[in-house]
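Below is the file entry_12.cif, which contains mmCIF, C-alpha atoms.
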data_structure
#
loop_
_atom_site.label_atom_id
_atom_site.label_comp_id
_atom_site.auth_asym_id
_atom_site.auth_seq_id
_atom_site.Cartn_x
_atom_site.Cartn_y
_atom_site.Cartn_z
CA MET F 1 118.06 106.97 101.00
CA THR F 2 115.40 106.98 103.75
CA LEU F 3 112.92 109.87 103.61
CA GLY F 4 109.52 109.13 105.09
CA LEU F 5 106.27 110.61 103.85
CA GLN F 6 106.66 113.86 105.80
CA SER F 7 109.89 114.71 103.99
CA ALA F 8 108.55 113.45 100.65
CA LEU F 9 105.85 116.14 100.61
CA SER F 10 108.58 118.79 100.48
CA ARG F 11 109.80 117.48 97.12
CA LYS F 12 108.63 118.65 93.70
CA VAL F 13 107.69 115.25 92.27
CA LEU F 14 106.15 112.26 94.01
CA VAL F 15 105.71 109.03 92.00
CA CYS F 16 103.45 106.24 93.27
CA VAL F 17 104.27 102.79 91.91
CA GLY F 18 102.85 99.35 92.55
CA SER F 19 100.90 96.47 91.11
CA GLY F 20 97.25 96.72 90.16
CA GLY F 21 94.41 96.52 92.66
CA VAL F 22 96.27 97.73 95.76
CA GLY F 23 94.76 101.23 95.98
CA LYS F 24 97.58 103.14 94.32
CA THR F 25 95.25 105.79 92.87
CA THR F 26 93.63 106.32 96.28
CA VAL F 27 97.00 106.75 98.00
CA SER F 28 98.18 109.15 95.26
CA ALA F 29 95.09 111.33 95.72
CA ALA F 30 95.39 111.21 99.52
CA LEU F 31 99.03 112.36 99.39
CA ALA F 32 98.05 115.26 97.12
CA LEU F 33 95.22 116.25 99.47
CA GLU F 34 97.60 116.20 102.45
CA ALA F 35 100.04 118.47 100.62
CA ALA F 36 97.22 120.90 99.79
CA ALA F 37 96.23 120.89 103.47
CA ARG F 38 99.78 122.04 104.20
CA GLY F 39 99.37 125.06 101.94
CA LYS F 40 100.88 123.72 98.72
CA LYS F 41 99.61 124.05 95.17
CA VAL F 42 99.39 120.41 94.12
CA LEU F 43 98.51 118.46 90.99
CA VAL F 44 97.73 114.75 91.04
CA CYS F 45 97.89 113.07 87.64
CA THR F 46 96.56 109.59 86.94
CA ILE F 47 96.53 107.31 83.93
CA ASP F 48 94.19 104.84 85.57
CA PRO F 49 91.34 104.07 83.13
CA ALA F 50 89.02 103.22 86.04
CA ARG F 51 88.59 106.97 86.69
CA ARG F 52 88.61 106.41 90.45
CA LEU F 53 90.54 109.64 90.97
CA ALA F 54 87.71 111.76 89.56
CA ASN F 55 85.14 109.99 91.71
CA SER F 56 87.18 110.32 94.89
CA MET F 57 87.49 114.07 94.37
CA GLY F 58 83.81 114.65 93.73
CA LEU F 59 84.18 115.15 89.98
CA ALA F 60 82.12 113.60 87.21
CA GLY F 61 85.27 113.08 85.16
CA LEU F 62 88.76 114.30 84.38
CA THR F 63 90.44 115.37 81.15
CA ASN F 64 93.94 116.03 79.91
CA GLU F 65 93.65 119.54 81.33
CA GLU F 66 94.33 120.32 84.98
CA THR F 67 91.04 120.74 86.89
CA ARG F 68 90.94 122.57 90.19
CA ILE F 69 88.99 120.93 92.99
CA GLY F 70 86.53 123.60 94.11
CA ASP F 71 85.82 124.87 97.59
CA GLU F 72 82.40 123.19 97.61
CA ALA F 73 83.98 119.76 97.10
CA LEU F 74 86.75 120.48 99.62
CA ALA F 75 84.13 121.39 102.22
CA ALA F 76 83.73 117.62 102.73
CA VAL F 77 87.17 117.59 104.34
CA PRO F 78 86.88 118.21 108.11
CA ALA F 79 89.87 120.57 108.12
CA PRO F 80 90.89 123.79 106.34
CA ILE F 81 92.67 123.38 102.99
CA PRO F 82 94.78 126.54 102.57
CA GLY F 83 96.52 125.25 99.44
CA ALA F 84 95.12 124.45 96.01
CA LEU F 85 94.37 120.96 94.71
CA TYR F 86 94.27 120.09 91.01
CA ALA F 87 93.71 116.78 89.23
CA MET F 88 93.97 115.44 85.69
CA MET F 89 93.78 112.13 83.87
CA LEU F 90 96.30 111.59 81.11
CA ASP F 91 94.75 111.31 77.65
CA LEU F 92 97.25 109.21 75.74
CA LYS F 93 96.52 110.55 72.25
CA ARG F 94 96.30 114.22 73.27
CA SER F 95 99.46 113.99 75.36
CA TRP F 96 101.41 112.48 72.46
CA ASP F 97 100.09 115.23 70.18
CA GLU F 98 101.31 117.82 72.69
CA VAL F 99 104.78 116.25 72.73
CA ILE F 100 104.96 116.42 68.93
CA ALA F 101 103.59 119.97 68.85
CA ARG F 102 106.16 121.14 71.43
CA HIS F 103 109.21 119.50 69.94
CA ALA F 104 108.75 119.11 66.17
CA PRO F 105 111.49 121.12 64.40
CA ASP F 106 109.07 122.89 62.03
CA PRO F 107 105.33 123.08 61.24
CA ALA F 108 105.63 120.86 58.15
CA LYS F 109 107.19 117.98 60.08
CA ARG F 110 104.73 118.45 62.91
CA GLN F 111 101.80 118.12 60.52
CA ALA F 112 103.38 115.15 58.74
CA ILE F 113 103.76 113.27 62.01
CA LEU F 114 100.30 114.09 63.35
CA GLU F 115 98.62 112.94 60.13
CA ASN F 116 100.71 109.78 59.79
CA LYS F 117 98.67 106.58 60.21
CA PHE F 118 101.51 104.73 61.90
CA TYR F 119 101.89 107.55 64.42
CA GLN F 120 98.17 107.45 65.17
CA GLN F 121 98.55 103.77 66.08
CA LEU F 122 101.78 104.39 68.03
CA SER F 123 100.21 107.13 70.11
CA THR F 124 97.36 104.95 71.32
CA ALA F 125 98.38 101.30 71.19
CA LEU F 126 102.14 100.70 71.09
CA ALA F 127 103.44 98.88 74.16
CA GLY F 128 105.24 101.31 76.42
CA SER F 129 103.82 104.44 74.78
CA GLN F 130 101.61 105.11 77.81
CA GLU F 131 104.56 105.03 80.20
CA TYR F 132 106.71 107.13 77.87
CA VAL F 133 104.19 109.92 77.37
CA ALA F 134 103.50 109.93 81.13
CA MET F 135 107.18 110.68 81.68
CA GLU F 136 107.05 113.45 79.06
CA LYS F 137 104.00 114.94 80.77
CA LEU F 138 105.59 114.71 84.19
CA TYR F 139 108.73 116.47 82.96
CA ALA F 140 106.71 119.21 81.22
CA LEU F 141 104.69 119.84 84.39
CA TYR F 142 107.86 119.96 86.47
CA ARG F 143 109.58 122.35 84.06
CA GLY F 144 106.47 124.54 83.93
CA GLY F 145 106.94 125.38 87.61
CA GLN F 146 103.23 126.03 88.22
CA TYR F 147 102.94 123.53 91.08
CA ASP F 148 104.73 123.08 94.37
CA LEU F 149 104.21 119.32 94.01
CA VAL F 150 103.18 116.95 91.22
CA VAL F 151 101.94 113.52 92.33
CA LEU F 152 101.95 110.90 89.57
CA ASP F 153 99.84 107.76 89.79
CA THR F 154 101.62 105.34 87.46
CA PRO F 155 99.90 102.56 85.50
CA PRO F 156 99.71 99.12 87.13
CA THR F 157 102.77 97.09 86.25
CA SER F 158 104.51 93.89 87.27
CA ASN F 159 107.87 95.65 87.03
CA ALA F 160 108.56 99.05 88.60
CA LEU F 161 111.25 99.74 86.02
CA ASP F 162 108.83 99.34 83.10
CA PHE F 163 107.81 102.90 83.88
CA LEU F 164 111.33 104.16 84.51
CA ASP F 165 112.76 102.50 81.40
CA ALA F 166 110.10 103.83 79.01
CA PRO F 167 112.20 106.81 77.82
CA ASN F 168 115.19 104.55 77.22
CA ARG F 169 113.06 102.09 75.25
CA MET F 170 111.90 104.91 72.99
CA ILE F 171 115.47 106.03 72.42
CA ASP F 172 116.60 102.47 71.74
CA PHE F 173 113.84 102.09 69.16
CA LEU F 174 114.73 105.32 67.34
CA ASP F 175 118.41 104.45 67.43
CA SER F 176 117.99 100.86 66.25
CA ASP F 177 119.31 99.51 62.95
CA ALA F 178 115.74 98.67 61.91
CA ALA F 179 114.56 102.25 62.44
CA ARG F 180 117.47 103.65 60.47
CA TRP F 181 116.88 101.10 57.71
CA PHE F 182 113.24 102.10 57.34
CA SER F 183 113.79 105.84 57.57
CA ALA F 184 116.86 106.02 55.33
CA GLY F 185 114.77 105.85 52.18
CA ALA F 186 111.72 107.63 53.48
CA VAL F 187 112.02 110.50 51.00
CA SER F 188 113.39 110.10 47.49
CA SER F 189 115.61 112.66 45.78
CA ALA F 190 112.62 113.80 43.75
CA GLY F 191 110.80 114.69 46.94
CA ARG F 192 108.24 111.92 46.55
CA VAL F 193 107.67 109.84 49.64
CA GLY F 194 108.62 106.21 49.18
CA LEU F 195 110.94 103.47 50.37
CA ARG F 196 114.07 102.66 48.38
CA MET F 197 113.94 99.09 49.56
CA PHE F 198 111.08 98.49 47.13
CA GLN F 199 113.05 99.70 44.13
CA ALA F 200 114.70 97.28 41.72
CA GLY F 201 117.46 95.33 43.42
CA SER F 202 116.22 96.26 46.91
CA ALA F 203 116.51 94.02 49.97
CA TYR F 204 114.51 90.83 49.77
CA ALA F 205 113.45 91.31 53.40
CA GLY F 206 111.56 94.46 52.51
CA LYS F 207 109.58 92.65 49.83
CA VAL F 208 108.68 89.87 52.24
CA LEU F 209 107.53 92.40 54.85
CA ALA F 210 105.44 94.21 52.26
CA ARG F 211 103.76 90.94 51.28
CA PHE F 212 102.51 90.47 54.85
CA THR F 213 101.86 94.05 55.93
CA GLY F 214 101.27 95.84 52.65
CA GLN F 215 103.63 98.32 51.06
CA GLY F 216 101.43 101.19 52.20
CA THR F 217 101.94 100.28 55.85
CA LEU F 218 105.70 100.20 55.45
CA GLU F 219 105.66 103.48 53.57
CA GLU F 220 103.73 105.04 56.44
CA LEU F 221 106.35 103.69 58.83
CA GLY F 222 109.11 105.12 56.67
CA ARG F 223 107.41 108.51 56.53
CA PHE F 224 106.93 108.51 60.29
CA LEU F 225 110.52 107.63 61.10
CA GLY F 226 111.83 110.07 58.54
CA ALA F 227 109.81 112.93 60.03
CA LEU F 228 110.75 111.87 63.56
CA GLY F 229 114.45 111.81 62.77
CA GLY F 230 114.91 115.50 63.52
CA MET F 231 113.44 114.99 66.99
CA TYR F 232 115.72 112.15 68.04
CA GLN F 233 118.22 114.31 69.91
CA GLY F 234 115.43 116.01 71.83
CA PHE F 235 113.97 112.66 72.87
CA LYS F 236 117.40 111.56 74.03
CA GLU F 237 118.06 114.73 76.02
CA ARG F 238 114.67 114.65 77.76
CA ALA F 239 115.06 110.97 78.61
CA ALA F 240 118.33 111.76 80.34
CA ALA F 241 116.76 114.77 82.08
CA VAL F 242 113.82 112.71 83.38
CA LYS F 243 116.16 110.04 84.71
CA ALA F 244 118.26 112.69 86.46
CA LEU F 245 115.14 114.36 87.91
CA LEU F 246 113.76 111.13 89.36
CA ALA F 247 117.09 110.31 90.98
CA SER F 248 117.52 113.81 92.41
CA ASP F 249 116.49 115.42 95.69
CA GLN F 250 113.53 116.95 93.82
CA ALA F 251 111.69 113.62 93.55
CA ALA F 252 110.68 110.63 95.64
CA PHE F 253 108.89 107.32 95.13
CA VAL F 254 106.15 105.72 97.20
CA VAL F 255 105.58 101.98 96.76
CA VAL F 256 101.95 100.99 97.36
CA THR F 257 100.96 97.45 98.27
CA SER F 258 98.40 95.43 100.23
CA PRO F 259 98.99 92.90 103.03
CA SER F 260 98.38 89.89 100.77
CA PRO F 261 101.43 87.68 100.10
CA LEU F 262 101.78 88.29 96.33
CA PRO F 263 101.50 92.12 96.44
CA MET F 264 103.94 92.10 99.38
CA GLU F 265 106.48 90.14 97.34
CA GLU F 266 106.00 92.52 94.42
CA ALA F 267 106.48 95.53 96.71
CA GLN F 268 109.73 94.08 97.95
CA HIS F 269 110.83 93.55 94.34
CA PHE F 270 109.84 97.14 93.39
CA HIS F 271 111.79 98.48 96.35
CA GLN F 272 114.85 96.45 95.40
CA LEU F 273 114.77 97.67 91.79
CA LEU F 274 114.30 101.30 92.78
CA THR F 275 117.09 101.12 95.34
CA ARG F 276 119.41 99.46 92.86
CA ALA F 277 118.63 102.23 90.35
CA ARG F 278 119.50 104.79 93.08
CA MET F 279 115.99 106.23 93.12
CA PRO F 280 114.85 107.86 96.40
CA VAL F 281 112.15 105.75 98.07
CA ALA F 282 110.16 107.72 100.64
CA ALA F 283 108.07 104.89 102.06
CA VAL F 284 106.07 101.76 101.41
CA VAL F 285 102.33 102.11 102.04
CA ALA F 286 100.40 98.94 102.87
CA ASN F 287 96.76 99.62 102.09
CA ARG F 288 93.61 97.93 103.45
CA VAL F 289 95.26 96.34 106.48
CA ASN F 290 92.88 94.49 108.81
CA ALA F 291 92.89 96.23 112.18
CA ASP F 292 93.68 94.35 115.38
CA ARG F 293 90.69 95.40 117.45
CA LEU F 294 91.75 93.37 120.49
CA ALA F 295 95.35 94.62 120.69
CA GLY F 296 96.66 91.09 120.31
CA GLY F 297 94.32 89.62 122.91
CA ALA F 298 92.03 86.63 122.60
CA VAL F 299 88.30 86.65 121.92
CA ASP F 300 86.29 86.49 125.18
CA ARG F 301 83.46 84.28 123.95
CA SER F 302 81.57 84.16 127.25
CA ALA F 303 81.48 87.95 127.49
CA ILE F 304 80.19 88.26 123.91
CA GLU F 305 77.50 85.65 124.52
CA ARG F 306 76.39 87.42 127.71
CA ALA F 307 76.20 90.73 125.85
CA ALA F 308 74.17 89.13 123.08
CA LEU F 309 71.73 87.67 125.59
CA ALA F 310 71.36 91.04 127.30
CA VAL F 311 70.19 92.76 124.10
CA ARG F 312 68.12 89.89 122.71
CA ALA F 313 64.44 90.74 122.53
CA PRO F 314 62.08 87.93 123.60
CA GLY F 315 60.30 86.27 120.71
CA VAL F 316 62.40 87.97 117.99
CA PRO F 317 63.28 85.31 115.39
CA GLY F 318 66.80 84.88 114.01
CA LEU F 319 68.64 85.74 117.23
CA SER F 320 69.21 82.19 118.43
CA GLY F 321 72.94 81.62 118.72
CA LEU F 322 73.71 85.29 118.09
CA GLY F 323 76.52 85.38 120.65
CA VAL F 324 78.22 82.37 119.06
CA ARG F 325 78.04 83.91 115.61
CA LEU F 326 79.38 87.24 116.87
CA ALA F 327 82.25 85.50 118.63
CA ASP F 328 83.07 83.48 115.50
CA THR F 329 83.05 86.62 113.36
CA LEU F 330 85.33 88.48 115.76
CA ALA F 331 87.68 85.49 115.98
CA ASP F 332 87.92 85.35 112.17
CA ALA F 333 88.65 89.09 112.03
CA GLN F 334 91.32 88.67 114.68
CA VAL F 335 93.01 85.92 112.67
CA MET F 336 93.02 88.14 109.55
CA ALA F 337 94.51 91.01 111.56
CA GLN F 338 97.25 88.78 112.96
CA LEU F 339 98.11 87.47 109.49
CA ASP F 340 98.34 91.03 108.15
CA ARG F 341 100.52 92.04 111.08
CA ALA F 342 102.87 89.13 110.42
CA GLN F 343 103.12 90.09 106.73
CA LEU F 344 103.93 93.71 107.65
CA ASP F 345 106.53 92.66 110.20
CA ARG F 346 108.30 90.54 107.58
CA LEU F 347 108.17 93.38 105.06
CA ARG F 348 109.58 95.90 107.56
CA ALA F 349 112.43 93.56 108.43
CA ARG F 350 113.31 93.11 104.75
CA LEU F 351 113.03 96.78 103.73
CA ALA F 352 114.57 98.49 106.77
CA PRO F 353 115.30 101.36 107.15
CA THR F 354 112.58 102.36 104.64
CA PRO F 355 109.39 103.24 106.59
CA VAL F 356 106.41 100.95 106.06
CA CYS F 357 103.09 102.70 106.75
CA ALA F 358 99.74 100.96 107.23
CA VAL F 359 96.34 102.23 106.09
CA PRO F 360 93.53 100.27 107.77
CA ARG F 361 90.68 98.56 105.97
CA PHE F 362 87.86 101.01 106.59
CA ASP F 363 84.26 100.03 107.18
CA HIS F 364 83.35 101.97 104.02
CA ASP F 365 84.88 102.32 100.58
CA VAL F 366 87.16 105.33 100.05
CA HIS F 367 85.33 107.11 97.25
CA ASP F 368 85.32 110.79 98.25
CA LEU F 369 87.44 113.53 99.80
CA SER F 370 86.40 112.73 103.36
CA GLY F 371 87.55 109.16 102.75
CA LEU F 372 90.87 110.40 101.40
CA TRP F 373 91.23 112.49 104.54
CA SER F 374 90.83 109.32 106.62
CA VAL F 375 93.67 107.77 104.64
CA ASP F 376 95.82 110.83 105.36
CA ARG F 377 95.18 110.65 109.06
CA ALA F 378 96.29 107.02 109.08
CA LEU F 379 99.47 107.98 107.22
CA PHE F 380 100.40 111.21 108.96
CA ASP F 381 98.84 111.26 112.44
CA ASP F 382 100.27 107.91 113.48
CA PRO F 383 103.93 106.94 113.07
CA PRO F 384 104.79 103.84 110.98
CA GLN F 385 104.27 100.68 113.02
#
Here is a file; write its structure as structure tokens.
Amino acid sequence: MTLGLQSALSRKVLVCVGSGGVGKTTVSAALALEAAARGKKVLVCTIDPARRLANSMGLAGLTNEETRIGDEALAAVPAPIPGALYAMMLDLKRSWDEVIARHAPDPAKRQAILENKFYQQLSTALAGSQEYVAMEKLYALYRGGQYDLVVLDTPPTSNALDFLDAPNRMIDFLDSDAARWFSAGAVSSAGRVGLRMFQAGSAYAGKVLARFTGQGTLEELGRFLGALGGMYQGFKERAAAVKALLASDQAAFVVVTSPSPLPMEEAQHFHQLLTRARMPVAAVVANRVNADRLAGGAVDRSAIERAALAVRAPGVPGLSGLGVRLADTLADAQVMAQLDRAQLDRLRARLAPTPVCAVPRFDHDVHDLSGLWSVDRALFDDPPQ
């Protein structure tokens, strides 16, 4: 499905995916700012530990709570912002605690899970837990209906489906034979927490595991899985609901890349995976593209040298050969621009009809709202090239 960025802003959920270091957080914030400029109430959510989102919006920091960007900060944007712009940075531990608090079947199980040592490790360190809780947060924000648009800046990944598959991985874990084996004996008939596998005649595998990890660790795991058992169906239903949401006409994906060969190949791979999964891709955004300042023409060295001579002050040291150096610098920049253009042309040919939009490499770092506005103008004032 071909959308384009204009149409994507009319959706309820916009997910930015891509590898690390390509400016994904910047593009996410710029898209949210553009939507606010069109009168929408928008939230941009990041899980980027670099905290670039807070800096770009003029904030000292972000928390797990939605923070509105004030009028004083928005005054840096050279255009009216009739909508409302909010931002937040996902706190992994707090977000997991919120999931448990919302969906635990009763207060006793909720407390048992929150105090469990294995859960405390799971909620901060387990591979995939960041992606999973981001999906839970995204779904909760969508269901809450407080925002016209939620823009999600996903964590850097080498596989776009790592993020999409996170709910399924959680369900697979809870539904695995190992999980059932551990949780089956989590609570004895006397009500005392324990694991039957450590009783007389229990499985030898359990004793071996206890020797390496300690029986206490396995008991904590058993307690955790036993308490979580009543939540399994809810996890499963929400995983299916998130998958359906992301594939629906309420959501769209933006793949962010840079004009370097490796990120371009990864962007093509992301696009292929998303398309195969029937996820709506709005556009691919190539960030920090070197601009062709000569419109494809050649460097006029003689003209540059004449201009350098005209401004050279007599007796000023360090200006000898200035025209040659300027011409060399411009020629190098022209080569970089031509290489970027060739990379973009190849990407457009491979991904057609998906639009490929280019954001130029600016003379300054994009670190504030006025910089984000420059990104927006590159994306929305000029058609994809």
(request) Determine the residue set returned by the PyMOL selection byres ((chain F and resi 374-381) around 7) for the present structure, and present it as a list in words. (result)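 Given this file, the PyMOL selection byres ((chain F and resi 374-381) around 7) evaluates to Ala30, Leu31, Glu34, Cys357, Val359, Ser370, Gly371, Leu372, Trp373, Asp382 and Pro383 of chain F.
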(message) Can you pull out the residues contacting Met279 of chain F? Cut-off 7 Å, using all atoms listed in the file, and skip same-chain residues under 3 positions away; I want them as a list of chain:residue names.
(response)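 Counting all atoms listed in the file, the residues come to F:Leu246, F:Ala247, F:Leu274, F:Thr275.
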(message) When you look at segment 137-139 of chain F with a cut-off of 8 Å (counting all atoms listed in the file), what residues show up, excluding the ones that are within fewer than 3 positions of it in the same chain? I need them as a VMD selection string.
(response) chain F and resid 95 133 to 134 142 to 143 150 152 242
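Here atom CA of Glu136 of chain F stands at a distance of 7.8 Å from atom CA of Arg238 of chain F.
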(message) I'd like the neighbourhood of Gly83 of chain F as a ChimeraX atom specification, where a residue qualifies if any of its atoms comes within 9 Å (using all atoms listed in the file), though same-chain residues fewer than 3 positions away should be ignored.
(response) /F:35-42
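Among the candidates F:Asp165, F:Glu72, F:Glu131, F:Asp340, the residue lying nearest to Asp153 of chain F is F:Glu131 (atoms considered: all atoms listed in the file).
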(request) Rank F:Ala282, F:Met88, F:Ala112, F:Ala337 by their smallest atom-to-atom distance to Gly4 of chain F, using all atoms listed in the file, and report the top residue only. (result)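 With all atoms listed in the file as the atom set, the closest residue is F:Ala282.
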(request) Rank F:Gln268, F:Gly61, F:Val151, F:Gln120 by their smallest atom-to-atom distance to Ala29 of chain F, using only C-alpha atoms, and report the top residue only. (result)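 Of F:Gln268, F:Gly61, F:Val151, F:Gln120, the one nearest Ala29 of chain F, counting only C-alpha atoms, is F:Val151.
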(request) Kindly indicate which residue among F:Leu53, F:Ser7, F:Leu62, F:Phe224 lies nearest to Lys109 of chain F, using all atoms listed in the file for the distances. (result)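 The closest residue to Lys109 of chain F is F:Phe224.
Take the candidates F:Lys24, F:Arg68, F:Arg341, F:Lys93 and check each one against Pro261 of chain F using only C-alpha atoms; the shortest distance goes to F:Arg341.
Pairwise distance (atom CA of Glu65 of chain F, atom CA of Met89 of chain F) equals 7.8 Å.
Taking atom CA of Ala79 of chain F as the reference point, atom CA of Thr154 of chain F is found at 28.2 Å.
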With the cut-off set at 7 Å and counting only C-alpha atoms, tabulate each residue of segment 38-152 of chain F with an atom at most that distance from an atom of segment 229-233 of chain F, showing the nearest atom pair and its distance in Å to one decimal, ordered by chain and increasing number, as CSV.
residue,atom,partner,partner_atom,distance
F:His103,CA,F:Met231,CA,6.9
F:Ala104,CA,F:Met231,CA,6.3
F:Pro105,CA,F:Gly230,CA,6.6
(request) With the file shown as input, list the residues that the PyMOL selection byres ((chain F and resi 262) around 12) selects, as a ChimeraX atom specification. (result) /F:18-22,158,257-261,263-269,343,347
Selected residues written out with C-alpha atoms, as a short mmCIF file (atom, residue, chain, number, x, y, z; two decimals), keeping the file's coordinate frame:
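The result, written out as part_19.cif:
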data_model
loop_
_atom_site.label_atom_id
_atom_site.label_comp_id
_atom_site.auth_asym_id
_atom_site.auth_seq_id
_atom_site.Cartn_x
_atom_site.Cartn_y
_atom_site.Cartn_z
CA GLY F 18 102.85 99.35 92.55
CA SER F 19 100.90 96.47 91.11
CA GLY F 20 97.25 96.72 90.16
CA GLY F 21 94.41 96.52 92.66
CA VAL F 22 96.27 97.73 95.76
CA SER F 158 104.51 93.89 87.27
CA THR F 257 100.96 97.45 98.27
CA SER F 258 98.40 95.43 100.23
CA PRO F 259 98.99 92.90 103.03
CA SER F 260 98.38 89.89 100.77
CA PRO F 261 101.43 87.68 100.10
CA PRO F 263 101.50 92.12 96.44
CA MET F 264 103.94 92.10 99.38
CA GLU F 265 106.48 90.14 97.34
CA GLU F 266 106.00 92.52 94.42
CA ALA F 267 106.48 95.53 96.71
CA GLN F 268 109.73 94.08 97.95
CA HIS F 269 110.83 93.55 94.34
CA GLN F 343 103.12 90.09 106.73
CA LEU F 347 108.17 93.38 105.06
#
(request) Measuring atom to atom with only C-alpha atoms, identify which of F:Val255, F:Ala227, F:Ala331, F:Val356 is nearest to Ala108 of chain F. (result)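 The answer is F:Ala227, which sits nearest to Ala108 of chain F.
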Residues at most 8 Å from segment 251-254 of chain F, counting only C-alpha atoms, excluding those fewer than 6 positions away in the same chain, as a PDB file with C-alpha atoms, keeping the file's coordinate frame?
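Wrote out.pdb, looks like this:
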ATOM      1  CA  ALA F   8     108.550 113.450 100.650  1.00  0.00           C
ATOM      2  CA  ARG F  11     109.800 117.480  97.120  1.00  0.00           C
ATOM      3  CA  LYS F  12     108.630 118.650  93.700  1.00  0.00           C
ATOM      4  CA  VAL F  13     107.690 115.250  92.270  1.00  0.00           C
ATOM      5  CA  LEU F  14     106.150 112.260  94.010  1.00  0.00           C
ATOM      6  CA  VAL F  15     105.710 109.030  92.000  1.00  0.00           C
ATOM      7  CA  CYS F  16     103.450 106.240  93.270  1.00  0.00           C
ATOM      8  CA  VAL F  17     104.270 102.790  91.910  1.00  0.00           C
ATOM      9  CA  LEU F 245     115.140 114.360  87.910  1.00  0.00           C
ATOM     10  CA  MET F 279     115.990 106.230  93.120  1.00  0.00           C
ATOM     11  CA  PRO F 280     114.850 107.860  96.400  1.00  0.00           C
ATOM     12  CA  VAL F 281     112.150 105.750  98.070  1.00  0.00           C
ATOM     13  CA  ALA F 282     110.160 107.720 100.640  1.00  0.00           C
ATOM     14  CA  ALA F 283     108.070 104.890 102.060  1.00  0.00           C
ATOM     15  CA  VAL F 284     106.070 101.760 101.410  1.00  0.00           C
ATOM     16  CA  VAL F 285     102.330 102.110 102.040  1.00  0.00           C
TER      17      VAL F 285
END
(message) I'd like the neighbourhood of Gly70 of chain F as a ChimeraX atom specification, where a residue qualifies if any of its atoms comes within 10 Å (using all atoms listed in the file), though same-chain residues fewer than 6 positions away should be ignored.
(response) /F:57-59,84-86
